[in-house]
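**Student:** Can you read through this structure? Questions will come right after.
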Amino acid sequence: MAGKLCPKCGELTFFESKDGRECTKCGYKMTLPPNDNKGGQGRKCSNCGKMTVFADKCRNCGAKYSG
């Protein structure tokens, strides 16, 4: 399965990581600020126990919530 287009090397190797995206070929990283630049503490994750759930996704372990 191909990732997104990496802005540095131009390959389809830009995959989602726990903090944003990372290229598996060149190592280029993109980090996303928590809570859509609003800051604040996220909800507690049922899986890892950390306060890192924003927009129904845990930034620490990658757990996704729905419902």
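So you can find residues: chains in the structure tokens are A, B, ... in the order shown, residues in each start at 1, and ligands are numbered from 1 in order.
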Please run DSSP on the backbone and report, as a ChimeraX atom specification, all residues within chain A that come out as strand (DSSP E or B).
**Tutor:** /A:4,14-16,20-23,29-31,43,53-54,57-58,64
**Student:** Can I get the selected residues back with all heavy atoms, as a CSV table (one decimal), in the first residue's frame?
**Tutor:**
chain,number,residue,atom,x,y,z
A,4,LYS,N,1.5,8.7,1.1
A,4,LYS,CA,1.3,10.0,0.4
A,4,LYS,C,2.6,10.4,-0.2
A,4,LYS,O,3.7,9.8,0.1
A,4,LYS,CB,0.9,11.0,1.5
A,4,LYS,CG,-0.4,10.7,2.2
A,4,LYS,CD,-1.6,11.2,1.4
A,4,LYS,CE,-2.8,11.0,2.2
A,4,LYS,NZ,-4.0,11.3,1.6
A,14,PHE,N,5.4,8.5,2.3
A,14,PHE,CA,5.1,9.4,3.4
A,14,PHE,C,3.9,8.9,4.2
A,14,PHE,O,2.7,9.1,3.9
A,14,PHE,CB,4.8,10.8,2.8
A,14,PHE,CG,5.0,11.9,3.7
A,14,PHE,CD1,6.1,12.0,4.5
A,14,PHE,CD2,4.1,13.0,3.8
A,14,PHE,CE1,6.4,13.1,5.4
A,14,PHE,CE2,4.3,14.1,4.6
A,14,PHE,CZ,5.5,14.1,5.4
A,15,PHE,N,4.2,8.1,5.2
A,15,PHE,CA,3.2,7.3,6.0
A,15,PHE,C,2.8,8.0,7.3
A,15,PHE,O,3.7,8.8,7.8
A,15,PHE,CB,3.7,5.9,6.3
A,15,PHE,CG,3.8,5.1,5.0
A,15,PHE,CD1,5.0,4.9,4.4
A,15,PHE,CD2,2.6,4.5,4.5
A,15,PHE,CE1,5.1,4.1,3.3
A,15,PHE,CE2,2.7,3.7,3.4
A,15,PHE,CZ,4.0,3.5,2.7
A,16,GLU,N,1.6,7.8,7.8
A,16,GLU,CA,1.1,8.3,9.0
A,16,GLU,C,1.9,7.7,10.2
A,16,GLU,O,2.1,6.5,10.2
A,16,GLU,CB,-0.3,8.0,9.1
A,16,GLU,CG,-1.0,8.8,10.2
A,16,GLU,CD,-2.5,8.7,10.1
A,16,GLU,OE1,-3.1,8.4,9.1
A,16,GLU,OE2,-3.2,8.9,11.2
A,20,GLY,N,2.3,12.7,13.3
A,20,GLY,CA,2.1,13.3,12.1
A,20,GLY,C,2.3,12.4,10.9
A,20,GLY,O,1.6,11.4,10.7
A,21,ARG,N,3.4,12.6,10.1
A,21,ARG,CA,3.8,11.7,9.0
A,21,ARG,C,5.3,11.6,9.0
A,21,ARG,O,6.0,12.5,9.4
A,21,ARG,CB,3.2,12.3,7.7
A,21,ARG,CG,1.7,12.1,7.5
A,21,ARG,CD,1.3,12.3,6.1
A,21,ARG,NE,-0.1,12.0,6.0
A,21,ARG,CZ,-0.6,10.8,5.7
A,21,ARG,NH1,0.2,9.8,5.5
A,21,ARG,NH2,-1.9,10.7,5.6
A,22,GLU,N,5.8,10.5,8.4
A,22,GLU,CA,7.2,10.3,8.3
A,22,GLU,C,7.5,9.5,7.0
A,22,GLU,O,6.8,8.6,6.6
A,22,GLU,CB,7.7,9.5,9.5
A,22,GLU,CG,9.2,9.3,9.4
A,22,GLU,CD,9.7,8.7,10.7
A,22,GLU,OE1,9.0,8.4,11.6
A,22,GLU,OE2,10.9,8.4,10.7
A,23,CYS,N,8.5,9.9,6.3
A,23,CYS,CA,8.9,9.3,5.0
A,23,CYS,C,9.8,8.1,5.4
A,23,CYS,O,10.8,8.3,6.1
A,23,CYS,CB,9.7,10.2,4.1
A,23,CYS,SG,10.2,9.5,2.6
A,29,LYS,N,10.2,14.2,8.3
A,29,LYS,CA,9.1,14.1,9.3
A,29,LYS,C,8.3,15.4,9.2
A,29,LYS,O,8.8,16.5,9.1
A,29,LYS,CB,9.7,14.0,10.7
A,29,LYS,CG,10.4,12.6,10.9
A,29,LYS,CD,10.8,12.5,12.3
A,29,LYS,CE,11.6,11.2,12.5
A,29,LYS,NZ,12.1,11.1,13.9
A,30,MET,N,7.0,15.2,9.4
A,30,MET,CA,6.0,16.3,9.6
A,30,MET,C,5.3,16.0,10.9
A,30,MET,O,4.8,14.9,11.1
A,30,MET,CB,5.0,16.3,8.4
A,30,MET,CG,3.9,17.3,8.6
A,30,MET,SD,2.6,17.0,7.5
A,30,MET,CE,1.8,15.6,8.1
A,31,THR,N,5.3,17.0,11.8
A,31,THR,CA,4.6,16.8,13.1
A,31,THR,C,3.4,17.8,13.1
A,31,THR,O,3.4,18.9,12.5
A,31,THR,CB,5.5,17.2,14.3
A,31,THR,OG1,6.0,18.5,14.1
A,31,THR,CG2,6.6,16.2,14.4
A,43,ARG,N,-8.1,13.9,25.6
A,43,ARG,CA,-8.8,13.0,26.4
A,43,ARG,C,-7.9,11.8,26.8
A,43,ARG,O,-6.9,11.6,26.1
A,43,ARG,CB,-10.1,12.5,25.7
A,43,ARG,CG,-11.1,13.6,25.5
A,43,ARG,CD,-12.4,13.0,25.0
A,43,ARG,NE,-12.3,11.8,24.1
A,43,ARG,CZ,-12.5,11.8,22.8
A,43,ARG,NH1,-12.8,12.9,22.2
A,43,ARG,NH2,-12.4,10.7,22.2
A,53,VAL,N,-5.6,11.9,23.2
A,53,VAL,CA,-6.7,11.6,22.3
A,53,VAL,C,-7.3,13.0,21.8
A,53,VAL,O,-7.8,13.7,22.5
A,53,VAL,CB,-7.8,10.7,22.9
A,53,VAL,CG1,-8.9,10.5,21.8
A,53,VAL,CG2,-7.3,9.4,23.3
A,54,PHE,N,-7.1,13.2,20.5
A,54,PHE,CA,-7.6,14.4,19.8
A,54,PHE,C,-8.3,14.0,18.6
A,54,PHE,O,-7.8,13.2,17.8
A,54,PHE,CB,-6.5,15.4,19.5
A,54,PHE,CG,-5.7,15.9,20.6
A,54,PHE,CD1,-4.5,15.4,21.0
A,54,PHE,CD2,-6.2,17.0,21.4
A,54,PHE,CE1,-3.7,15.8,22.0
A,54,PHE,CE2,-5.4,17.5,22.5
A,54,PHE,CZ,-4.2,16.9,22.8
A,57,LYS,N,-8.7,10.2,17.8
A,57,LYS,CA,-7.5,9.4,17.5
A,57,LYS,C,-6.4,9.7,18.5
A,57,LYS,O,-6.1,10.8,18.9
A,57,LYS,CB,-7.0,9.7,16.1
A,57,LYS,CG,-5.8,8.8,15.7
A,57,LYS,CD,-5.3,9.1,14.3
A,57,LYS,CE,-4.2,8.2,14.1
A,57,LYS,NZ,-3.4,8.6,13.0
A,58,CYS,N,-5.8,8.6,19.1
A,58,CYS,CA,-4.7,8.8,20.0
A,58,CYS,C,-3.4,9.1,19.3
A,58,CYS,O,-3.0,8.3,18.4
A,58,CYS,CB,-4.6,7.5,20.9
A,58,CYS,SG,-3.2,7.6,22.1
A,64,LYS,N,-7.9,4.4,17.3
A,64,LYS,CA,-9.0,5.2,16.7
A,64,LYS,C,-10.3,4.9,17.4
A,64,LYS,O,-10.6,3.8,17.7
A,64,LYS,CB,-9.1,5.0,15.2
A,64,LYS,CG,-7.9,5.4,14.5
A,64,LYS,CD,-8.0,5.1,13.0
A,64,LYS,CE,-6.7,5.5,12.3
A,64,LYS,NZ,-6.8,5.3,10.9
**Student:** With a distance cut-off of 10 Å and only C-alpha atoms, select the neighbouring residues of Lys50 of chain A, excluding the residue or stretch itself and same-chain residues fewer than 6 positions from it, and output the selection as a PyMOL selection string.
**Tutor:** chain A and resi 42-44+58-61
**Student:** Take the residues just selected and output them with C-alpha atoms as an mmCIF file, in the first residue's frame.
**Tutor:**
data_model
loop_
_atom_site.group_PDB
_atom_site.id
_atom_site.type_symbol
_atom_site.label_atom_id
_atom_site.label_comp_id
_atom_site.auth_asym_id
_atom_site.auth_seq_id
_atom_site.Cartn_x
_atom_site.Cartn_y
_atom_site.Cartn_z
ATOM 1 C CA GLY A 42 -6.517 15.679 25.183
ATOM 2 C CA ARG A 43 -8.827 12.975 26.447
ATOM 3 C CA LYS A 44 -7.420 9.918 28.195
ATOM 4 C CA CYS A 58 -4.698 8.775 20.040
ATOM 5 C CA ARG A 59 -1.462 10.521 19.105
ATOM 6 C CA ASN A 60 0.579 8.170 21.283
ATOM 7 C CA CYS A 61 -0.504 4.656 20.316
#
**Student:** I'd like the interatomic distance between atom CA of Leu5 of chain A and atom CA of Ala63 of chain A, to a tenth of an Å.
**Tutor:**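 It comes out at 23.9 Å.
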**Student:** Can you tell me how far atom CA of Glu11 of chain A sits from atom CA of Cys26 of chain A, in Å to one decimal?
**Tutor:**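 A separation of 9.3 Å between them.
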**Student:** Pick the closest to Gly27 of chain A from A:Ser66, A:Thr13, A:Thr52, A:Gln41: which is it, counting only C-alpha atoms?
**Tutor:**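 Answer, going by the shortest atom-to-atom distance: A:Thr13.
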**Student:** Do you know which residues are at most 10 Å from Leu12 of chain A counting only C-alpha atoms, after dropping those on the same chain fewer than 5 positions away, and could you put them as a CSV table (one decimal) with all heavy atoms, in the first residue's frame?
**Tutor:**
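Now in selection.csv:
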chain,number,residue,atom,x,y,z
A,1,MET,N,0.8,-1.2,0.0
A,1,MET,CA,0.0,0.0,0.0
A,1,MET,C,0.9,1.2,0.0
A,1,MET,O,1.8,1.4,0.8
A,1,MET,CB,-0.9,0.0,1.2
A,1,MET,CG,-1.8,1.1,1.3
A,1,MET,SD,-3.0,0.8,2.7
A,1,MET,CE,-3.5,2.4,3.1
A,2,ALA,N,0.7,2.1,-0.9
A,2,ALA,CA,1.5,3.3,-1.1
A,2,ALA,C,1.0,4.4,-0.1
A,2,ALA,O,-0.1,4.5,0.3
A,2,ALA,CB,1.4,3.9,-2.5
A,3,GLY,N,2.0,5.2,0.4
A,3,GLY,CA,1.7,6.3,1.3
A,3,GLY,C,1.4,7.5,0.5
A,3,GLY,O,1.2,7.5,-0.8
A,4,LYS,N,1.5,8.7,1.1
A,4,LYS,CA,1.3,10.0,0.4
A,4,LYS,C,2.6,10.4,-0.2
A,4,LYS,O,3.7,9.8,0.1
A,4,LYS,CB,0.9,11.0,1.5
A,4,LYS,CG,-0.4,10.7,2.2
A,4,LYS,CD,-1.6,11.2,1.4
A,4,LYS,CE,-2.8,11.0,2.2
A,4,LYS,NZ,-4.0,11.3,1.6
A,5,LEU,N,2.6,11.4,-1.0
A,5,LEU,CA,3.7,11.9,-1.7
A,5,LEU,C,4.6,12.7,-0.7
A,5,LEU,O,4.2,13.6,-0.1
A,5,LEU,CB,3.3,12.8,-2.9
A,5,LEU,CG,4.4,13.3,-3.8
A,5,LEU,CD1,5.0,12.1,-4.6
A,5,LEU,CD2,3.9,14.3,-4.7
A,6,CYS,N,5.9,12.3,-0.6
A,6,CYS,CA,6.8,13.0,0.3
A,6,CYS,C,7.2,14.3,-0.3
A,6,CYS,O,7.6,14.3,-1.5
A,6,CYS,CB,8.0,12.1,0.5
A,6,CYS,SG,9.3,12.9,1.5
A,7,PRO,N,7.1,15.4,0.4
A,7,PRO,CA,7.5,16.7,-0.2
A,7,PRO,C,9.0,16.9,-0.4
A,7,PRO,O,9.4,17.7,-1.2
A,7,PRO,CB,7.0,17.7,0.9
A,7,PRO,CG,6.7,17.0,2.1
A,7,PRO,CD,6.6,15.5,1.7
A,23,CYS,N,8.5,9.9,6.3
A,23,CYS,CA,8.9,9.3,5.0
A,23,CYS,C,9.8,8.1,5.4
A,23,CYS,O,10.8,8.3,6.1
A,23,CYS,CB,9.7,10.2,4.1
A,23,CYS,SG,10.2,9.5,2.6
A,24,THR,N,9.5,6.9,4.9
A,24,THR,CA,10.3,5.7,5.2
A,24,THR,C,11.5,5.7,4.3
A,24,THR,O,12.5,4.9,4.6
A,24,THR,CB,9.5,4.4,5.0
A,24,THR,OG1,8.9,4.4,3.6
A,24,THR,CG2,8.3,4.4,6.0
A,25,LYS,N,11.6,6.5,3.2
A,25,LYS,CA,12.8,6.4,2.4
A,25,LYS,C,13.8,7.4,2.8
A,25,LYS,O,15.0,7.1,3.0
A,25,LYS,CB,12.4,6.7,0.9
A,25,LYS,CG,13.5,6.7,0.0
A,25,LYS,CD,13.1,6.8,-1.5
A,25,LYS,CE,14.3,6.7,-2.4
A,25,LYS,NZ,13.9,7.0,-3.8
**Student:** Please return, as a list in words, all residues of segment 1-37 of chain A that DSSP assigns to helix (DSSP H, G or I) on the basis of the backbone.
**Tutor:** Pro34, Asn35, Asp36 and Asn37 of chain A
**Student:** What does the distance between atom CA of Gly40 of chain A and atom CA of Ser17 of chain A come to in Å, to one decimal place?
**Tutor:**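 Distance between the two atoms: 20.8 Å.
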